[in-house]
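So this one's target_5.cif, mmCIF, C-alpha atoms:
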```cif
data_data
loop_
_atom_site.label_atom_id
_atom_site.label_comp_id
_atom_site.auth_asym_id
_atom_site.auth_seq_id
_atom_site.Cartn_x
_atom_site.Cartn_y
_atom_site.Cartn_z
CA MET A 22 36.33 16.06 -1.87
CA ASN A 23 35.63 13.62 0.96
CA LEU A 24 32.79 11.08 1.10
CA PRO A 25 30.30 13.16 3.16
CA ASN A 26 30.69 16.08 0.74
CA LYS A 27 30.18 13.73 -2.22
CA LEU A 28 26.91 12.58 -0.65
CA THR A 29 25.88 16.21 -0.25
CA MET A 30 26.61 16.86 -3.94
CA LEU A 31 24.63 13.73 -4.82
CA ARG A 32 21.64 15.15 -2.94
CA LEU A 33 21.96 18.41 -4.88
CA PHE A 34 22.02 16.43 -8.14
CA LEU A 35 18.94 14.43 -7.14
CA VAL A 36 16.82 17.56 -6.57
CA PRO A 37 16.25 18.34 -10.29
CA VAL A 38 15.85 14.61 -11.01
CA PHE A 39 13.12 14.45 -8.38
CA VAL A 40 11.35 17.52 -9.79
CA VAL A 41 11.39 16.17 -13.35
CA LEU A 42 10.01 12.80 -12.25
CA VAL A 43 7.03 14.44 -10.52
CA PHE A 44 6.15 16.32 -13.71
CA LEU A 45 6.78 13.33 -15.99
CA GLU A 46 3.12 12.36 -16.43
CA VAL A 47 3.69 10.72 -19.81
CA GLY A 48 1.95 7.62 -21.15
CA THR A 49 2.19 4.45 -19.09
CA PHE A 50 4.95 6.00 -16.97
CA ALA A 51 2.34 8.39 -15.53
CA LEU A 52 0.92 5.43 -13.59
CA PHE A 53 4.04 5.05 -11.47
CA ASN A 54 6.20 8.16 -11.96
CA ASP A 55 5.33 9.37 -8.47
CA PHE A 56 6.50 6.08 -6.98
CA VAL A 57 9.86 6.61 -8.68
CA ALA A 58 9.94 10.24 -7.50
CA PHE A 59 9.17 8.98 -3.98
CA GLY A 60 12.15 6.61 -4.19
CA VAL A 61 14.49 9.39 -5.33
CA PHE A 62 13.25 11.68 -2.55
CA ALA A 63 13.74 8.90 0.04
CA ILE A 64 17.31 8.27 -1.17
CA ALA A 65 18.11 11.98 -1.14
CA SER A 66 16.65 12.34 2.36
CA PHE A 67 18.74 9.41 3.58
CA THR A 68 21.93 11.02 2.27
CA ASP A 69 21.07 14.04 4.45
CA TYR A 70 21.36 11.83 7.53
CA LEU A 71 24.27 9.79 6.20
CA ASP A 72 26.61 12.61 5.21
CA GLY A 73 26.26 14.31 8.60
CA HIS A 74 26.73 11.02 10.45
CA LEU A 75 29.86 10.11 8.47
CA ALA A 76 31.32 13.61 8.73
CA ARG A 77 31.11 13.50 12.53
CA LYS A 78 32.15 9.85 12.90
CA LEU A 79 35.13 10.10 10.53
CA ASN A 80 36.06 13.62 11.64
CA MET A 81 35.48 14.98 8.13
CA VAL A 82 33.51 18.11 9.03
CA THR A 83 34.42 20.89 6.58
CA ASP A 84 33.27 24.44 5.89
CA PHE A 85 32.06 23.24 2.49
CA GLY A 86 29.96 20.55 4.13
CA LYS A 87 28.47 22.90 6.70
CA LEU A 88 27.34 25.31 3.99
CA PHE A 89 26.24 22.95 1.22
CA ASP A 90 24.67 20.31 3.46
CA SER A 91 22.20 22.88 4.77
CA ALA A 92 21.64 24.31 1.28
CA ALA A 93 20.98 20.88 -0.23
CA ASP A 94 18.54 20.03 2.55
CA LYS A 95 16.61 23.28 2.07
CA LEU A 96 16.52 22.88 -1.73
CA LEU A 97 15.21 19.32 -1.49
CA CYS A 98 12.50 20.01 1.08
CA CYS A 99 11.37 23.35 -0.36
CA SER A 100 11.20 21.87 -3.87
CA ALA A 101 9.09 18.99 -2.57
CA LEU A 102 6.78 21.34 -0.66
CA ILE A 103 6.23 23.52 -3.72
CA LEU A 104 5.51 20.44 -5.81
CA LEU A 105 2.80 19.44 -3.34
CA ILE A 106 0.80 22.45 -4.49
CA TYR A 107 1.11 21.30 -8.11
CA ILE A 108 0.25 17.70 -7.23
CA PHE A 109 -2.83 18.74 -5.32
CA SER A 110 -4.05 21.48 -7.67
CA VAL A 111 -3.65 19.48 -10.90
CA VAL A 112 -3.37 15.75 -10.26
CA CYS A 113 -5.53 15.33 -7.15
CA MET A 114 -8.47 17.46 -8.30
CA PRO A 115 -10.51 14.45 -9.56
CA ILE A 116 -10.64 12.84 -6.09
CA PHE A 117 -13.03 15.55 -4.88
CA GLU A 118 -16.64 15.60 -6.00
CA SER A 119 -17.11 19.21 -4.91
CA ILE A 120 -15.05 22.01 -6.48
CA THR A 121 -15.62 24.05 -3.32
CA ILE A 122 -14.05 21.40 -1.08
CA TRP A 123 -11.14 21.01 -3.50
CA LEU A 124 -10.58 24.79 -3.54
CA VAL A 125 -10.64 25.04 0.26
CA MET A 126 -8.15 22.17 0.53
CA LEU A 127 -5.93 23.76 -2.12
CA ILE A 128 -5.89 27.06 -0.25
CA CYS A 129 -5.04 25.26 3.00
CA ILE A 130 -2.17 23.29 1.46
CA THR A 131 -0.84 26.44 -0.21
CA VAL A 132 -0.93 28.36 3.08
CA PHE A 133 0.70 25.47 4.95
CA THR A 134 3.45 25.17 2.35
CA VAL A 135 4.21 28.88 2.04
CA THR A 136 4.28 29.27 5.84
CA ILE A 137 6.76 26.41 6.26
CA ILE A 138 9.02 27.70 3.47
CA CYS A 139 8.97 31.25 4.89
CA ARG A 140 9.87 29.83 8.29
CA GLU A 141 12.80 27.92 6.79
CA LEU A 142 14.13 31.05 5.06
CA PHE A 143 13.71 33.12 8.21
CA MET A 144 15.49 30.54 10.38
CA THR A 145 18.36 30.31 7.89
CA ALA A 146 18.91 34.06 8.21
CA PHE A 147 18.33 33.92 11.99
CA ARG A 148 20.95 31.19 12.47
CA SER A 149 23.43 33.01 10.23
CA VAL A 150 23.14 36.20 12.28
CA ALA A 151 23.35 34.19 15.50
CA ALA A 152 26.51 32.45 14.31
CA SER A 153 28.11 35.80 13.46
CA LYS A 154 27.52 36.79 17.11
CA ASN A 155 28.82 33.47 18.47
CA ILE A 156 25.34 32.46 19.63
CA VAL A 157 24.73 28.71 19.44
CA ILE A 158 21.13 27.80 18.65
CA ALA A 159 20.18 24.26 19.59
CA ALA A 160 17.34 22.47 17.82
CA ASP A 161 14.14 22.49 19.88
CA MET A 162 11.41 19.86 20.10
CA PRO A 163 8.77 21.76 18.03
CA GLY A 164 11.37 22.15 15.28
CA LYS A 165 12.14 18.43 15.34
CA ILE A 166 8.43 17.58 15.21
CA LYS A 167 8.04 20.01 12.30
CA THR A 168 10.76 18.20 10.37
CA VAL A 169 9.23 14.76 10.98
CA MET A 170 5.72 15.93 10.06
CA GLN A 171 7.06 17.67 6.97
CA MET A 172 8.74 14.48 5.76
CA ILE A 173 5.63 12.38 6.45
CA ALA A 174 3.46 14.90 4.57
CA ILE A 175 5.74 15.03 1.55
CA MET A 176 6.08 11.27 1.26
CA ALA A 177 2.38 10.59 1.79
CA LEU A 178 1.11 13.27 -0.61
CA LEU A 179 3.67 12.33 -3.25
CA LEU A 180 2.10 8.90 -3.56
CA VAL A 181 -1.54 10.03 -3.69
CA PRO A 182 -1.85 10.46 -7.51
CA ASP A 183 -0.49 6.99 -8.33
CA LEU A 184 -2.34 5.34 -5.44
CA MET A 185 -5.64 6.76 -6.73
CA PHE A 186 -5.19 4.67 -9.89
CA ILE A 187 -4.62 1.54 -7.82
CA ASN A 188 -7.13 1.99 -5.01
CA GLY A 189 -9.17 5.12 -4.39
CA VAL A 190 -9.68 4.38 -0.69
CA VAL A 191 -5.95 3.90 -0.08
CA GLY A 192 -5.24 7.08 -2.02
CA MET A 193 -7.68 9.05 0.11
CA VAL A 194 -6.19 7.61 3.33
CA PHE A 195 -2.72 8.74 2.25
CA PHE A 196 -4.12 12.17 1.39
CA ILE A 197 -5.68 12.54 4.85
CA ILE A 198 -2.44 11.44 6.52
CA GLY A 199 -0.39 13.84 4.39
CA PHE A 200 -2.78 16.75 4.86
CA ALA A 201 -2.91 16.28 8.65
CA ALA A 202 0.89 15.95 8.86
CA LEU A 203 1.38 19.10 6.78
CA ALA A 204 -1.06 21.04 8.98
CA LEU A 205 0.71 19.90 12.16
CA GLY A 206 4.08 20.63 10.57
CA MET A 207 2.96 24.19 9.81
CA ILE A 208 1.77 24.71 13.41
CA MET A 209 5.07 23.39 14.77
CA ALA A 210 7.02 25.55 12.29
CA VAL A 211 5.33 28.72 13.54
CA LEU A 212 5.60 27.65 17.19
CA SER A 213 9.29 26.80 16.99
CA CYS A 214 10.03 30.07 15.18
CA VAL A 215 8.29 32.09 17.89
CA LEU A 216 10.12 30.15 20.61
CA TYR A 217 13.50 30.76 18.96
CA ILE A 218 12.81 34.49 18.76
CA CYS A 219 11.76 34.60 22.43
CA LYS A 220 14.68 32.44 23.58
CA TYR A 221 17.38 34.27 21.63
CA PRO A 222 16.48 37.99 21.63
CA ALA A 223 20.20 38.83 21.58
CA VAL A 224 20.27 37.88 17.90
CA PHE A 225 18.38 41.10 17.13
CA SER A 226 20.57 43.32 19.30
CA GLU A 227 22.94 45.72 17.59
CA GLY A 228 26.67 45.69 18.07
CA MET A 229 26.88 42.37 19.93
CA LYS A 230 29.83 40.14 18.99
#
```

Can you dump the structure from the file as structure tokens?
Amino acid sequence: MNLPNKLTMLRLFLVPVFVVLVFLEVGTFALFNDFVAFGVFAIASFTDYLDGHLARKLNMVTDFGKLFDSAADKLLCCSALILLIYIFSVVCMPIFESITIWLVMLICITVFTVTIICRELFMTAFRSVAASKNIVIAADMPGKIKTVMQMIAIMALLLVPDLMFINGVVGMVFFIIGFAALALGMIMAVLSCVLYICKYPAVFSEGMK
């Protein structure tokens, strides 16, 4: 197994570690567990860039890497997005004085998260069908913006619970940044999906090779 593939496997290993750290609200560790989870997520995200860069630079692109690199990326991001619902519904509830406002925000974050995950699953299937028909799908700008906004949202919202213990104002600022980024990411996810469908209608045609 070459170095890029080892980095991909490392990212897969870090996914359950990241999930456990988010839930590890135990004793004194609960005051900074999300900072540690943030660090693990940042490292895992960096390996996503690094393994692809090394594979292309060192000419180590393999079928294993093509398959598992994408799978590891989806597992990491989807796990993080799902955890945002837990973080907001359980840990962030005290930052809102009104239950109604908290419930509206929870519904919004849940809708944003589910929409993005559904888009990711759809695009995985869409790209697979396109590849089977020798159709190359290039990344578009809305999709790139979606990815950036998604990462900003995850990283910002991950830190909110621990930041609230340190400084409530800072915690709220990070929540607003994360919420806005997640909303924009959801809009870009839907937009890019629609654009892909309109740009590559041949993917849905029967019998094309």

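The interatomic distance for the pair CA of Ser226 in chain A and CA of Thr145 in chain A works out to 17.4 Å.
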
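Of note, CA of Val36 in chain A and CA of Ala159 in chain A are spaced 27.2 Å apart.
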
Phe109 in chain A environment, 9 Å, all atoms listed in the file, sequence neighbours closer than 3 positions dropped, as a list in words: Leu104, Leu105, Ile106, Val112, Cys113, Met114, Trp123, Met126, Leu127, Ile130, Leu178, Val181 and Pro182 of chain A

Surrounding residues of Ala152 in chain A excluding itself and chain neighbours under 6 positions, 12 Å, only C-alpha atoms, as an MDAnalysis selection string: chainID A and resid 144:146 158:159 221 223:224 229:230

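CA of Tyr217 in chain A to CA of Asp72 in chain A spans 26.3 Å [interatomic distance, one decimal].
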
I'd like to see the residues matched by the PyMOL selection byres ((chain A and resi 55-63) around 8) on this file, and ideally I'd get them as a PDB file with C-alpha atoms, keeping the file's coordinate frame.
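And here is the file that came out, result.pdb:
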```pdb
ATOM      1  CA  LEU A  35      18.940  14.430  -7.140  1.00  0.00           C
ATOM      2  CA  VAL A  36      16.820  17.560  -6.570  1.00  0.00           C
ATOM      3  CA  VAL A  38      15.850  14.610 -11.010  1.00  0.00           C
ATOM      4  CA  PHE A  39      13.120  14.450  -8.380  1.00  0.00           C
ATOM      5  CA  VAL A  40      11.350  17.520  -9.790  1.00  0.00           C
ATOM      6  CA  LEU A  42      10.010  12.800 -12.250  1.00  0.00           C
ATOM      7  CA  VAL A  43       7.030  14.440 -10.520  1.00  0.00           C
ATOM      8  CA  ALA A  51       2.340   8.390 -15.530  1.00  0.00           C
ATOM      9  CA  LEU A  52       0.920   5.430 -13.590  1.00  0.00           C
ATOM     10  CA  PHE A  53       4.040   5.050 -11.470  1.00  0.00           C
ATOM     11  CA  ASN A  54       6.200   8.160 -11.960  1.00  0.00           C
ATOM     12  CA  ILE A  64      17.310   8.270  -1.170  1.00  0.00           C
ATOM     13  CA  ALA A  65      18.110  11.980  -1.140  1.00  0.00           C
ATOM     14  CA  SER A  66      16.650  12.340   2.360  1.00  0.00           C
ATOM     15  CA  PHE A  67      18.740   9.410   3.580  1.00  0.00           C
ATOM     16  CA  LEU A  97      15.210  19.320  -1.490  1.00  0.00           C
ATOM     17  CA  MET A 176       6.080  11.270   1.260  1.00  0.00           C
ATOM     18  CA  LEU A 179       3.670  12.330  -3.250  1.00  0.00           C
ATOM     19  CA  LEU A 180       2.100   8.900  -3.560  1.00  0.00           C
ATOM     20  CA  PRO A 182      -1.850  10.460  -7.510  1.00  0.00           C
ATOM     21  CA  ASP A 183      -0.490   6.990  -8.330  1.00  0.00           C
TER      22      ASP A 183
END
```

Nearest residue to Met81 in chain A from the set A:Val111, A:Ile120, A:Leu24, A:Leu96 (distances using only C-alpha atoms): A:Leu24

Chain and number of each residue from the PyMOL selection byres ((chain A and resi 187-204) around 6), as a ChimeraX atom specification: /A:170-171,174,177-178,181,184-186,205-207

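Closest approach to Ile108 in chain A among A:Ile156, A:Leu88, A:Leu45, A:Ile122: A:Leu45, based on all atoms listed in the file.
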
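Each of A:Val132, A:Leu75, A:Val150, A:Ile175 was checked against Cys99 in chain A using all atoms listed in the file; the smallest atom-to-atom distance is that of A:Ile175.
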
Output, as AutoDock Vina command-line options, the centre and edge lengths in Å (one decimal) of the axis-aligned box that contains all listed atoms of range 66-76 of chain A with 6 Å of margin on each side.
```
--center_x 24.0 --center_y 11.9 --center_z 6.4 --size_x 26.7 --size_y 16.9 --size_z 20.2
```

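The closest residue to Ile166 in chain A, picked from A:Thr83, A:Ser153, A:Ser213, A:Asn23 and counting only C-alpha atoms, is A:Ser213.
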
Hits of the PyMOL selection byres ((chain A and resi 140) around 12) in this structure, as number ranges by chain: A: 95, 99, 133-139, 141-148, 164, 167-168, 206-215, 217-218
